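A.B. asks: My questions will all concern the structure given below.
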Amino acid sequence: MLGMGIITVCTECNQNCFFCGKKVLCEPTDIVPEIILQRLCELRETTDSVVFTGGEPTISRHLAEYIRQAVRLGFSTIRLDTNGLMMSYPAYAERILASGLTHIMFLHVSRSPDVSDAATRYTGGWELARKGIESTAAAGVETAIRIPLLKQTIMDLDQHVQFIGNSFPHVGSIFLELVNSEDCATIAEMEAILQQTLDEAVKAGAGLYFKPGDCPAPCLFRSMDTFRSLFVFPPITGETGQNVPRRPGLCADCFLRFFCRGIHPQFDNHDDRALVVPTPEFTGSVLKQWPAEPDSPRDLAGIENEFVLPAIIEKEGKKYVEEVLLRINYRCNQRCLFCWVEPYFKNPDISKVKSYINELRHYEVGSVCISGGEPTLNANLVEYVKMLKTGNIRKVGLQTNAVLLHREDRVQALAEAGLDFALVSLHSHKPEVSDMLTGLPGSFDKTVKGIANLRRNGVFVLISHVINSFNYTALSEFVEFTAAALDRTQIVFSVAAPIYGAMIFRGLIPRMSELKKPLTKALDLCYELRVPFSGLTAMCGIPLCILDGNPVYFPDARVLETAGRSRDMIKTDACADCGLNGCCFGIRKNYAEFYGTDELHPVGAEGFKPREMDVWNTDFFSEYLSEKFGL
């Protein structure tokens with residue numbers, strides 16, 4: 001999904017908060033229901049999460065129907081942002097909560113009724129809001145509270161959170177919200193109280209975060225590591241401040257530049273010389289994915305990649321399968337920021353894996369690549385390799401991060417079982433960046449050692465290098481590292497694939513056009529240093545026109561069968577006039593929905609000699625290495 005869709009159902013509010021940035025100085029309006037319903041339908045094409053907001057959305061007499069319509073359209077997350085006043089009326093609260101709402105976020109200014117009522121300019125509002133929050137206690141709706149960070153309330157923020165924990169134990173998350181006014185608390189005021197506030201949130205069993213989309217820049221804090229758990233990225237679509245923030249010079253070197261909005265105007269007097277770029281380790285920790293929850297697009301992606309026999313080619317009385325991906329588990333010892341595989345997917349039964357392996361005996365198979373999750377975590381891996389080493393399966397490989405293969409005895413067992421090749425994930429030549437991307441400190445060194453062990457034991461190694469927002473500017477450096485430190489091991493380049501659209505929104509995937517210069521430079525260097533490469537013509541590669549259809553950069557191009565197309569990919573009008581249309585998968589639907597398709601353009605086929613579909617595609621590398629690099 002592409003973040004959370006925002007729907008404003010009305011512009012008026014039953015409070016008049018002095019710090020509110022949404023004040024509308026006009027006649028209050030309840031937006032025409034037909035417009036809201038149309039907007040819901042439009043949003044459902046790109047996301048399965050929606051939030052109803054205002055003004056104050058509970059003022060709309062049609063709100064319950066909007067929520068029911070969202071349910072009918074299949075939204076899995078339906079959130080209401082409210083000040084809670086209307087939810088204090090039992091009959092109204094019951095109607096809203098019964099309509100299909102899944103999440104609700106309440107405004108709660110202060111633990112003091114007098115301070116809160118003064119801030120909202122609504123006498124008695126604090127008491128009504130309290131009743132509103134209590135109304136969700138037994139409703140099965142995930143409840144959160146947002147607290148505006150005001151000068152008037154910052155000094156007792158820890159006691160406020162303590163009050164929330166004692167009064168509303170069903171509240172799971174508390175979000176701290178910046179306000180775009182001079183009343184916003186300063187960074188120094190926040191730093192003075194945040195540690196105690198975090199301690200109180202832990203006692204209350206509630207998560208405490210800066211509100212997504214309104215995080216202050218982490219570099220503003222002298223002790224940013226102390227408060228790292230507060231930072232939640234990415235922001236939610238549409239929920240950004242009204243003022244355009246400033247970006248100081250150090251943003252150019254910051255890994256959070258794709259996520260952080262920069263210096264908010266209320267902190268613009270901060271001395272830039274005191275700012276420090278967040279470390280890769282800090283970046284990785286704050287960019288961790290949200291706790292895994294069932295999500296239909298990703299569930300479906302998992303099911304479709306498990307035990308699916310690819311296209312069958314009949315030739316001379318035999319049935320051929322070019323290559324098979326055998327996913328034996330979903331558990332992983334890394335948590336790569338761009339990976340679509342979720343560890344909550346149910347691992348397949350051993351009997352199901354063995355049954356599938358036995359089914360493969362009916363075909364002539366070019367290669368079987370065992371994958372996961374991380375397949376080296378599977379205790380039956382060596383047995384599976386032995387089962388696959390039959391006369392009808394030409395080569396058996398492993399897709400792995402090689403972390404556990406830093407122990408040579410494990411590699412020896414796999415090599416003795418008959419493992420032919422390994423596709424090893426390594427996404428940066430810098431240990432700190434690699435570990436940040438994979439979420440496993442210390443894994444870089446183990447992966448490098450695993451690669452050496454595999455090569456030493458006669459296993460053909462290819463490096464899987466997934467291009468993303470954090471490594472694409474250093475592609476040439478990675479090629480140099482591979483040439484010098486990894487003895488020119490072959491690189492399989494791919495681009496982080498937006499299997500579900502939130503990956504793009506998180507900022508993990510750069511625009512294709514931004515890749516052109518650093519990627520062509522790296523590929524030219526591959527030829528210069530004799531580092532073999534491939535992968536860019538695959539589904540997780542790039543449209544061939546991005547590199548102007550230069551055959552030098554697509555040595556593994558081949559004619560695609562119609563059956564090889566995917567419903568995740570699309571072609572545009574530009575593709576119809578392209579000389580390489582038959583060799584290109586096109587572009588991901590989610591990418592096109594987010595970035596558009598203007599980067600695509602038709603190119604000629606001069607110099608291209610794509611291979612036809614070959615059931616023994618595993619011969620490609622021996623031919624390719626000899627032809628291109630004399631290896």
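Naming scheme: A, B, ... for chains in displayed order of the structure tokens; residues 1 onward per chain; ligands 1 onward as shown.
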Could you write out, as an MDAnalysis selection string, all the residues of segment 288-476 of chain A that DSSP marks as alpha helix (DSSP H)?
C.D. replies: chainID A and resid 296:304 350:359 381:388 408:417 431:438 443:456 475:476
A.B. asks: Take the residues that were just selected and, keeping C-alpha atoms, output them as a compact mmCIF listing (two decimals), in the first residue's frame.
C.D. replies:
# COMPACT_ATOMS: atom_id res chain seq x y z
CA SER A 296 -3.37 -9.24 2.12
CA PRO A 297 -1.01 -8.09 -0.67
CA ARG A 298 2.03 -9.43 1.15
CA ASP A 299 0.26 -12.61 2.25
CA LEU A 300 -0.71 -13.24 -1.36
CA ALA A 301 2.84 -12.54 -2.52
CA GLY A 302 4.10 -15.13 -0.05
CA ILE A 303 1.63 -17.78 -1.13
CA GLU A 304 2.30 -17.20 -4.80
CA ILE A 350 8.52 -30.64 5.90
CA SER A 351 6.15 -33.09 4.24
CA LYS A 352 4.97 -30.39 1.82
CA VAL A 353 8.53 -29.49 0.85
CA LYS A 354 9.47 -33.13 0.26
CA SER A 355 6.29 -33.74 -1.72
CA TYR A 356 7.12 -30.82 -3.99
CA ILE A 357 10.70 -32.07 -4.47
CA ASN A 358 9.34 -35.48 -5.45
CA GLU A 359 6.98 -33.82 -7.93
CA LEU A 381 18.59 -27.88 4.32
CA VAL A 382 21.34 -30.44 3.69
CA GLU A 383 18.73 -33.20 3.32
CA TYR A 384 16.80 -31.13 0.79
CA VAL A 385 19.96 -30.52 -1.26
CA LYS A 386 20.66 -34.27 -1.32
CA MET A 387 17.08 -35.01 -2.42
CA LEU A 388 17.35 -32.52 -5.26
CA GLU A 408 33.22 -23.62 7.14
CA ASP A 409 31.86 -26.94 8.42
CA ARG A 410 28.37 -25.85 7.36
CA VAL A 411 29.61 -24.98 3.89
CA GLN A 412 31.44 -28.30 3.61
CA ALA A 413 28.24 -30.20 4.48
CA LEU A 414 26.33 -28.35 1.74
CA ALA A 415 29.11 -28.84 -0.80
CA GLU A 416 29.28 -32.56 -0.04
CA ALA A 417 25.50 -32.78 -0.42
CA PRO A 431 30.06 -2.68 7.12
CA GLU A 432 28.04 0.01 8.89
CA VAL A 433 25.77 0.57 5.87
CA SER A 434 25.36 -3.15 5.19
CA ASP A 435 24.44 -3.84 8.79
CA MET A 436 22.02 -0.90 8.78
CA LEU A 437 20.24 -2.26 5.69
CA THR A 438 20.05 -5.82 7.02
CA SER A 443 26.61 -9.53 9.79
CA PHE A 444 28.76 -7.89 7.09
CA ASP A 445 31.97 -9.60 8.20
CA LYS A 446 30.24 -12.97 8.50
CA THR A 447 28.72 -12.68 5.03
CA VAL A 448 32.10 -11.85 3.49
CA LYS A 449 33.65 -14.83 5.26
CA GLY A 450 30.76 -17.02 4.09
CA ILE A 451 31.44 -16.01 0.48
CA ALA A 452 35.09 -17.00 0.88
CA ASN A 453 34.11 -20.35 2.40
CA LEU A 454 31.70 -21.13 -0.43
CA ARG A 455 34.26 -20.33 -3.12
CA ARG A 456 36.96 -22.33 -1.34
CA LEU A 475 27.75 1.47 -6.78
CA SER A 476 31.20 2.06 -8.28
A.B. asks: Need to verify the contact set: Leu525 of chain A, 9 Å, only C-alpha atoms, exclusion of same-chain residues closer than 5 positions in sequence. Can you return it as a ChimeraX atom specification?
C.D. replies: /A:476,479-480,520,530-531
A.B. asks: Might you pull out every residue within 9 Å of Phe75 of chain A, with only C-alpha atoms counted and same-chain residues fewer than 3 positions away left off, and present them as a list of chain:residue names?
C.D. replies: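 So the residues in contact are A:Arg44, A:Thr47, A:Asp48, A:Ser49, A:Val50, A:Ala70, A:Val71, A:Arg72, A:Ile78.
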A.B. asks: Taking only C-alpha atoms into account, name the residue in A:Gly372, A:Gln15, A:Val495, A:Pro212 that is nearest to Gly124 of chain A.
C.D. replies: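 Closest to Gly124 of chain A, using only C-alpha atoms: A:Gln15.
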A.B. asks: Which residue is closest to Ile187 of chain A? Choose from A:Ser223, A:Thr11, A:Asn83, A:Gln152 and count only C-alpha atoms.
C.D. replies: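 Result for the nearest residue to Ile187 of chain A: A:Ser223.
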A.B. asks: Measuring between only C-alpha atoms, which one of A:Phe421, A:Leu560, A:Asn401, A:His406 shows the shortest distance to Val368 of chain A?
C.D. replies: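 Among the listed residues, the smallest separation from Val368 of chain A belongs to A:Phe421.
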A.B. asks: Provide the atom CA of Gln399 of chain A to atom CA of Leu287 of chain A distance in Å, to one decimal place.
C.D. replies: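 Between atom CA of Gln399 of chain A and atom CA of Leu287 of chain A the gap is 24.8 Å.
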